[in-house]
Amino acid sequence: MTVTIRERRRGSVASHAVMALLVLYFLLPFWWLLVASTKDNDGLFSTSPLWFSSRNTLFSNLSLLFSHDGGIYARWLANSALYAVTGGVGATVVAALAGYAFAKLRFPGRTALFNTLLGLIVVPATALVLPTYLLLSKVGLIDTIWAVILPSLLNPFGVYLLRVYVHDSVPEEMLEAARVDGAGEWRIFTRVALPAMRPALVTVLLFSMVAAWNNFFLPLVMLSDDRKLPLTVGLRLWYQQATLGNSGEALFNIVVIGSLVALLPLIAAFLLLQRYWRGGLTIGSLR
């Protein structure tokens, strides 16, 4: 018995040590970004990278961030928010409709379409950018916001996740009872199935918004107007300018503080949607 207790304690200590190392590994880049955002260009390259310098320039860096190049960073921030919200909400709606249809409706070609969907999950998104560019160029949507939003509406993994969730969490008896009461398929979907899907919907929404917010290669290929760029491509543009001689050297601290500000909306989205996530999971467990 004593040996067993000691082994359990050792295993507990080892698991906690591994978890602590993983937490440190994931938080270290964010800590560096937070510390670097309080430094000017000289401090970035002359002081300790993981600790604050004696001169805190956080607010001056913020002022430079939103005033540099005519305040275009605010425009990039608004563009990223537009792409993330419209793409995330649109992808969630499409995934909800498709996932419910694959799980509960019977129609010709359902199995073939679902197998095709499973195949799309393993295809890298970057591999589809150039074919998408050729398709959108035919209809004149290149260098428009739709060239970024429309491809973001397709989320194969979200469709698969909702299909699995609906199949397990929405009983057929509930749907049949609604049909017996005279409810149509659309009413059944919105009044019966959709409330039960809330935890999965929030999950797909978060994944879709994060993917749209962090999207880089698609807008890089589709957009040429600087005022339509998202933060990911805009900050890369500034970084390229910062590496081109002494004239762009002052941009390094702006790129760093811009990267920090770009993280804040994602953190806020997770914190705001977390209670809906937990609440939906509790409702699902009670059912």
# chains A, B, ... in the order shown; residues from 1 in each chain; ligands from 1
$ residues_around --residues "Leu251 in chain A" --least-positions-apart "4" --cutoff "9 Å" --atoms "only C-alpha atoms" --output "PyMOL selection string"
chain A and resi 41+238-239+241-243+247+255-256
$ residues_around --residues "range 201-208 of chain A" --least-positions-apart "5" --cutoff "7 Å" --atoms "only C-alpha atoms" --output "number ranges by chain"
A: 88-89, 91-92, 158, 277
$ residues_around --residues "Pro156 in chain A" --least-positions-apart "2" --cutoff "9 Å" --atoms "only C-alpha atoms" --output "short mmCIF file (atom, residue, chain, number, x, y, z; two decimals) with N, CA and C atoms, in the first residue's frame"
data_model
loop_
_atom_site.label_atom_id
_atom_site.label_comp_id
_atom_site.auth_asym_id
_atom_site.auth_seq_id
_atom_site.Cartn_x
_atom_site.Cartn_y
_atom_site.Cartn_z
N ALA A 95 -22.11 25.73 -41.68
CA ALA A 95 -21.78 24.46 -41.02
C ALA A 95 -22.98 23.90 -40.27
N LEU A 117 -16.52 15.77 -48.29
CA LEU A 117 -16.24 16.71 -47.21
C LEU A 117 -15.09 16.23 -46.33
N LEU A 118 -15.09 14.96 -45.98
CA LEU A 118 -14.00 14.40 -45.19
C LEU A 118 -12.67 14.53 -45.92
N GLY A 119 -12.69 14.37 -47.23
CA GLY A 119 -11.46 14.55 -48.00
C GLY A 119 -10.96 15.98 -47.98
N LEU A 120 -11.89 16.95 -47.95
CA LEU A 120 -11.49 18.35 -47.92
C LEU A 120 -10.82 18.75 -46.61
N ILE A 121 -11.12 18.01 -45.53
CA ILE A 121 -10.53 18.34 -44.24
C ILE A 121 -9.02 18.20 -44.27
N LEU A 154 -16.56 28.46 -46.10
CA LEU A 154 -16.49 27.00 -46.14
C LEU A 154 -15.54 26.50 -45.08
N GLY A 158 -15.78 22.26 -39.44
CA GLY A 158 -16.96 22.69 -38.71
C GLY A 158 -18.20 21.91 -39.09
N VAL A 159 -18.35 21.62 -40.38
CA VAL A 159 -19.48 20.80 -40.83
C VAL A 159 -19.39 19.40 -40.23
N TYR A 160 -18.20 18.82 -40.25
CA TYR A 160 -18.02 17.49 -39.68
C TYR A 160 -18.31 17.48 -38.19
N LEU A 161 -17.81 18.48 -37.47
CA LEU A 161 -18.03 18.56 -36.02
C LEU A 161 -19.51 18.68 -35.69
#
$ residues_around --residues "Ile267 in chain A" --least-positions-apart "4" --cutoff "12 Å" --atoms "only C-alpha atoms" --output "ChimeraX atom specification"
/A:30,206,209-210,213,260-263,271-274
$ write_last_selection --atoms "N, CA and C atoms" --output "PDB file, in the first residue's frame"
ATOM      1  N   PHE A  30       4.093  35.050 -25.332  1.00  0.00           N
ATOM      2  CA  PHE A  30       3.225  36.170 -24.984  1.00  0.00           C
ATOM      3  C   PHE A  30       3.913  37.098 -23.983  1.00  0.00           C
ATOM      4  N   LEU A 206     -15.867  30.074 -32.695  1.00  0.00           N
ATOM      5  CA  LEU A 206     -14.553  30.480 -32.211  1.00  0.00           C
ATOM      6  C   LEU A 206     -13.449  30.045 -33.169  1.00  0.00           C
ATOM      7  N   MET A 209     -13.680  32.173 -36.396  1.00  0.00           N
ATOM      8  CA  MET A 209     -13.247  33.556 -36.211  1.00  0.00           C
ATOM      9  C   MET A 209     -11.737  33.641 -36.047  1.00  0.00           C
ATOM     10  N   VAL A 210     -11.165  32.715 -35.284  1.00  0.00           N
ATOM     11  CA  VAL A 210      -9.710  32.726 -35.106  1.00  0.00           C
ATOM     12  C   VAL A 210      -9.005  32.456 -36.439  1.00  0.00           C
ATOM     13  N   TRP A 213      -9.334  35.582 -38.512  1.00  0.00           N
ATOM     14  CA  TRP A 213      -8.511  36.667 -37.964  1.00  0.00           C
ATOM     15  C   TRP A 213      -7.034  36.449 -38.283  1.00  0.00           C
ATOM     16  N   LEU A 260       0.852  42.873 -30.399  1.00  0.00           N
ATOM     17  CA  LEU A 260       0.187  42.729 -29.099  1.00  0.00           C
ATOM     18  C   LEU A 260      -1.263  43.165 -29.171  1.00  0.00           C
ATOM     19  N   VAL A 261      -1.515  44.304 -29.785  1.00  0.00           N
ATOM     20  CA  VAL A 261      -2.888  44.801 -29.909  1.00  0.00           C
ATOM     21  C   VAL A 261      -3.728  43.829 -30.741  1.00  0.00           C
ATOM     22  N   ALA A 262      -3.123  43.179 -31.729  1.00  0.00           N
ATOM     23  CA  ALA A 262      -3.864  42.237 -32.568  1.00  0.00           C
ATOM     24  C   ALA A 262      -4.334  41.019 -31.793  1.00  0.00           C
ATOM     25  N   LEU A 263      -3.669  40.700 -30.680  1.00  0.00           N
ATOM     26  CA  LEU A 263      -4.086  39.551 -29.870  1.00  0.00           C
ATOM     27  C   LEU A 263      -5.277  39.861 -28.964  1.00  0.00           C
ATOM     28  N   LEU A 271     -13.074  35.129 -23.900  1.00  0.00           N
ATOM     29  CA  LEU A 271     -13.636  35.399 -22.582  1.00  0.00           C
ATOM     30  C   LEU A 271     -15.139  35.668 -22.650  1.00  0.00           C
ATOM     31  N   LEU A 272     -15.599  36.372 -23.677  1.00  0.00           N
ATOM     32  CA  LEU A 272     -17.019  36.685 -23.798  1.00  0.00           C
ATOM     33  C   LEU A 272     -17.856  35.463 -24.153  1.00  0.00           C
ATOM     34  N   LEU A 273     -17.329  34.597 -25.011  1.00  0.00           N
ATOM     35  CA  LEU A 273     -18.088  33.432 -25.454  1.00  0.00           C
ATOM     36  C   LEU A 273     -17.955  32.232 -24.533  1.00  0.00           C
ATOM     37  N   GLN A 274     -17.050  32.310 -23.561  1.00  0.00           N
ATOM     38  CA  GLN A 274     -16.806  31.163 -22.706  1.00  0.00           C
ATOM     39  C   GLN A 274     -18.037  30.801 -21.870  1.00  0.00           C
TER      40      GLN A 274
END
$ atom_distance --atom1 "CA of Ala81 in chain A" --atom2 "CA of Val148 in chain A"
12.3 Å
$ closest_atom_pairs --of "range 38-86 of chain A" --to "range 222-227 of chain A" --cutoff "10 Å" --atoms "only C-alpha atoms" --output "Markdown table"
| residue | atom | partner | partner_atom | distance |
| --- | --- | --- | --- | --- |
| A:Ile72 | CA | A:Arg227 | CA | 7.1 |
| A:Tyr73 | CA | A:Arg227 | CA | 9.2 |
| A:Ala74 | CA | A:Arg227 | CA | 10.0 |
| A:Arg75 | CA | A:Arg227 | CA | 6.6 |
| A:Trp76 | CA | A:Arg227 | CA | 6.9 |
| A:Asn79 | CA | A:Arg227 | CA | 8.4 |
$ residues_around --residues "Thr126 in chain A" --least-positions-apart "4" --cutoff "9 Å" --atoms "only C-alpha atoms" --output "PyMOL selection string"
chain A and resi 130+217-218
$ atom_distance --atom1 "CA of Val93 in chain A" --atom2 "CA of Ala183 in chain A"
21.2 Å
$ residues_around --residues "range 191-195 of chain A" --least-positions-apart "6" --cutoff "10 Å" --atoms "only C-alpha atoms" --output "list in words"
Ala96, Leu97, Tyr100, Lys104, Val166, Ser169, Val170, Pro171, Met174, Leu175, Ala178, Ala183, Glu185, Leu201, Gly280, Ile283 and Gly284 of chain A
$ write_last_selection --atoms "N, CA and C atoms" --output "compact mmCIF listing (two decimals), in the first residue's frame"
# COMPACT_ATOMS: atom_id res chain seq x y z
N ALA A 96 -23.78 24.78 -39.64
CA ALA A 96 -24.96 24.32 -38.91
C ALA A 96 -25.98 23.71 -39.85
N LEU A 97 -26.25 24.37 -40.95
CA LEU A 97 -27.22 23.84 -41.92
C LEU A 97 -26.73 22.53 -42.53
N TYR A 100 -26.52 19.60 -39.83
CA TYR A 100 -27.85 19.05 -39.51
C TYR A 100 -28.38 18.21 -40.67
N LYS A 104 -29.37 14.32 -40.05
CA LYS A 104 -30.77 13.97 -39.81
C LYS A 104 -31.64 13.87 -41.06
N VAL A 166 -24.74 16.78 -33.79
CA VAL A 166 -26.19 16.66 -33.99
C VAL A 166 -26.61 15.21 -33.95
N SER A 169 -26.57 14.30 -30.13
CA SER A 169 -27.24 15.11 -29.12
C SER A 169 -28.69 15.43 -29.44
N VAL A 170 -29.11 15.22 -30.66
CA VAL A 170 -30.50 15.51 -31.04
C VAL A 170 -31.21 14.18 -31.32
N PRO A 171 -32.04 13.70 -30.39
CA PRO A 171 -32.71 12.40 -30.59
C PRO A 171 -33.71 12.45 -31.75
N MET A 174 -37.39 13.35 -30.76
CA MET A 174 -37.77 14.75 -30.67
C MET A 174 -38.19 15.29 -32.04
N LEU A 175 -37.45 14.92 -33.06
CA LEU A 175 -37.77 15.39 -34.40
C LEU A 175 -39.07 14.78 -34.90
N ALA A 178 -42.01 16.47 -33.27
CA ALA A 178 -42.27 17.78 -33.87
C ALA A 178 -42.97 17.62 -35.22
N ALA A 183 -44.99 20.48 -37.45
CA ALA A 183 -43.91 21.43 -37.70
C ALA A 183 -43.16 21.07 -38.98
N GLU A 185 -39.75 21.32 -41.61
CA GLU A 185 -38.34 21.03 -41.38
C GLU A 185 -37.57 22.26 -40.91
N LEU A 201 -21.97 25.03 -31.78
CA LEU A 201 -22.00 26.26 -32.58
C LEU A 201 -20.97 27.26 -32.07
N GLY A 280 -24.05 26.12 -22.49
CA GLY A 280 -24.58 25.17 -23.46
C GLY A 280 -24.19 23.74 -23.11
N ILE A 283 -26.54 22.60 -20.35
CA ILE A 283 -27.87 22.27 -20.88
C ILE A 283 -27.84 20.93 -21.59
N GLY A 284 -26.79 20.70 -22.38
CA GLY A 284 -26.68 19.43 -23.08
C GLY A 284 -26.58 18.25 -22.14
$ atom_distance --atom1 "CA of Ala211 in chain A" --atom2 "CA of Leu58 in chain A"
28.2 Å
$ closest_residue --among "A:Thr232, A:Trp51, A:His167, A:Ser15" --to "Ala101 in chain A" --atoms "only C-alpha atoms"
A:His167
$ residues_around --residues "Ile149 in chain A" --least-positions-apart "4" --cutoff "10 Å" --atoms "only C-alpha atoms" --output "PyMOL selection string"
chain A and resi 82-88+90-91+144-145+153-154+212+218-219
$ select_by_dssp --residues "range 61-111 of chain A" --states "alpha helix (DSSP H)" --output "ChimeraX atom specification"
/A:61-67,72-104,110-111
$ write_last_selection --atoms "N, CA and C atoms" --output "compact mmCIF listing (two decimals), in the first residue's frame"
# COMPACT_ATOMS: atom_id res chain seq x y z
N ASN A 61 4.53 54.08 -27.79
CA ASN A 61 4.44 53.10 -28.89
C ASN A 61 3.01 52.98 -29.41
N LEU A 62 2.04 53.01 -28.50
CA LEU A 62 0.64 52.97 -28.92
C LEU A 62 0.28 54.19 -29.75
N SER A 63 0.78 55.34 -29.33
CA SER A 63 0.51 56.57 -30.07
C SER A 63 1.11 56.50 -31.48
N LEU A 64 2.35 56.01 -31.56
CA LEU A 64 2.97 55.85 -32.87
C LEU A 64 2.23 54.83 -33.73
N LEU A 65 1.73 53.78 -33.09
CA LEU A 65 1.04 52.72 -33.83
C LEU A 65 -0.17 53.26 -34.57
N PHE A 66 -0.98 54.06 -33.88
CA PHE A 66 -2.23 54.53 -34.48
C PHE A 66 -2.07 55.84 -35.26
N SER A 67 -0.87 56.39 -35.28
CA SER A 67 -0.63 57.61 -36.07
C SER A 67 0.27 57.38 -37.27
N ILE A 72 -3.24 54.05 -40.59
CA ILE A 72 -3.78 52.93 -41.35
C ILE A 72 -3.96 51.68 -40.50
N TYR A 73 -3.28 51.62 -39.34
CA TYR A 73 -3.43 50.43 -38.48
C TYR A 73 -4.87 50.27 -38.02
N ALA A 74 -5.54 51.38 -37.70
CA ALA A 74 -6.94 51.30 -37.29
C ALA A 74 -7.80 50.73 -38.43
N ARG A 75 -7.46 51.09 -39.66
CA ARG A 75 -8.19 50.54 -40.80
C ARG A 75 -7.94 49.04 -40.93
N TRP A 76 -6.68 48.63 -40.74
CA TRP A 76 -6.37 47.20 -40.79
C TRP A 76 -7.10 46.45 -39.67
N LEU A 77 -7.18 47.06 -38.50
CA LEU A 77 -7.88 46.44 -37.38
C LEU A 77 -9.36 46.26 -37.69
N ALA A 78 -9.96 47.28 -38.28
CA ALA A 78 -11.38 47.19 -38.67
C ALA A 78 -11.58 46.14 -39.77
N ASN A 79 -10.64 46.07 -40.71
CA ASN A 79 -10.74 45.06 -41.76
C ASN A 79 -10.68 43.64 -41.18
N SER A 80 -9.75 43.41 -40.26
CA SER A 80 -9.65 42.09 -39.64
C SER A 80 -10.92 41.74 -38.88
N ALA A 81 -11.49 42.73 -38.18
CA ALA A 81 -12.73 42.48 -37.46
C ALA A 81 -13.87 42.15 -38.43
N LEU A 82 -13.92 42.86 -39.55
CA LEU A 82 -14.95 42.57 -40.55
C LEU A 82 -14.79 41.18 -41.13
N TYR A 83 -13.57 40.82 -41.51
CA TYR A 83 -13.34 39.49 -42.08
C TYR A 83 -13.62 38.39 -41.07
N ALA A 84 -13.22 38.61 -39.80
CA ALA A 84 -13.40 37.58 -38.79
C ALA A 84 -14.87 37.39 -38.43
N VAL A 85 -15.61 38.50 -38.26
CA VAL A 85 -17.01 38.39 -37.84
C VAL A 85 -17.86 37.83 -38.97
N THR A 86 -17.75 38.40 -40.16
CA THR A 86 -18.57 37.92 -41.27
C THR A 86 -18.18 36.50 -41.67
N GLY A 87 -16.88 36.23 -41.75
CA GLY A 87 -16.44 34.89 -42.09
C GLY A 87 -16.79 33.88 -41.02
N GLY A 88 -16.61 34.26 -39.74
CA GLY A 88 -16.91 33.33 -38.66
C GLY A 88 -18.39 33.03 -38.54
N VAL A 89 -19.22 34.07 -38.57
CA VAL A 89 -20.66 33.86 -38.47
C VAL A 89 -21.18 33.13 -39.70
N GLY A 90 -20.72 33.53 -40.88
CA GLY A 90 -21.17 32.86 -42.10
C GLY A 90 -20.76 31.40 -42.14
N ALA A 91 -19.53 31.10 -41.74
CA ALA A 91 -19.07 29.71 -41.73
C ALA A 91 -19.85 28.89 -40.71
N THR A 92 -20.22 29.49 -39.59
CA THR A 92 -21.00 28.78 -38.58
C THR A 92 -22.40 28.48 -39.09
N VAL A 93 -23.02 29.44 -39.76
CA VAL A 93 -24.36 29.21 -40.32
C VAL A 93 -24.33 28.10 -41.36
N VAL A 94 -23.36 28.16 -42.27
CA VAL A 94 -23.25 27.13 -43.30
C VAL A 94 -22.99 25.76 -42.66
N ALA A 95 -22.11 25.73 -41.68
CA ALA A 95 -21.78 24.46 -41.02
C ALA A 95 -22.98 23.90 -40.27
N ALA A 96 -23.78 24.78 -39.64
CA ALA A 96 -24.96 24.32 -38.91
C ALA A 96 -25.98 23.71 -39.85
N LEU A 97 -26.25 24.37 -40.95
CA LEU A 97 -27.22 23.84 -41.92
C LEU A 97 -26.73 22.53 -42.53
N ALA A 98 -25.46 22.51 -42.95
CA ALA A 98 -24.93 21.31 -43.59
C ALA A 98 -24.79 20.16 -42.59
N GLY A 99 -24.33 20.46 -41.38
CA GLY A 99 -24.17 19.41 -40.38
C GLY A 99 -25.49 18.77 -40.00
N TYR A 100 -26.52 19.60 -39.83
CA TYR A 100 -27.85 19.05 -39.51
C TYR A 100 -28.38 18.21 -40.67
N ALA A 101 -28.20 18.69 -41.89
CA ALA A 101 -28.68 17.95 -43.06
C ALA A 101 -27.99 16.60 -43.18
N PHE A 102 -26.67 16.56 -43.00
CA PHE A 102 -25.95 15.30 -43.09
C PHE A 102 -26.34 14.33 -41.97
N ALA A 103 -26.68 14.87 -40.81
CA ALA A 103 -26.97 14.01 -39.65
C ALA A 103 -28.40 13.50 -39.64
N LYS A 104 -29.37 14.32 -40.05
CA LYS A 104 -30.77 13.97 -39.81
C LYS A 104 -31.64 13.87 -41.06
N ARG A 110 -26.02 11.75 -50.32
CA ARG A 110 -25.56 12.23 -49.02
C ARG A 110 -24.21 11.62 -48.63
N THR A 111 -24.08 10.32 -48.81
CA THR A 111 -22.84 9.64 -48.44
C THR A 111 -21.66 10.12 -49.28
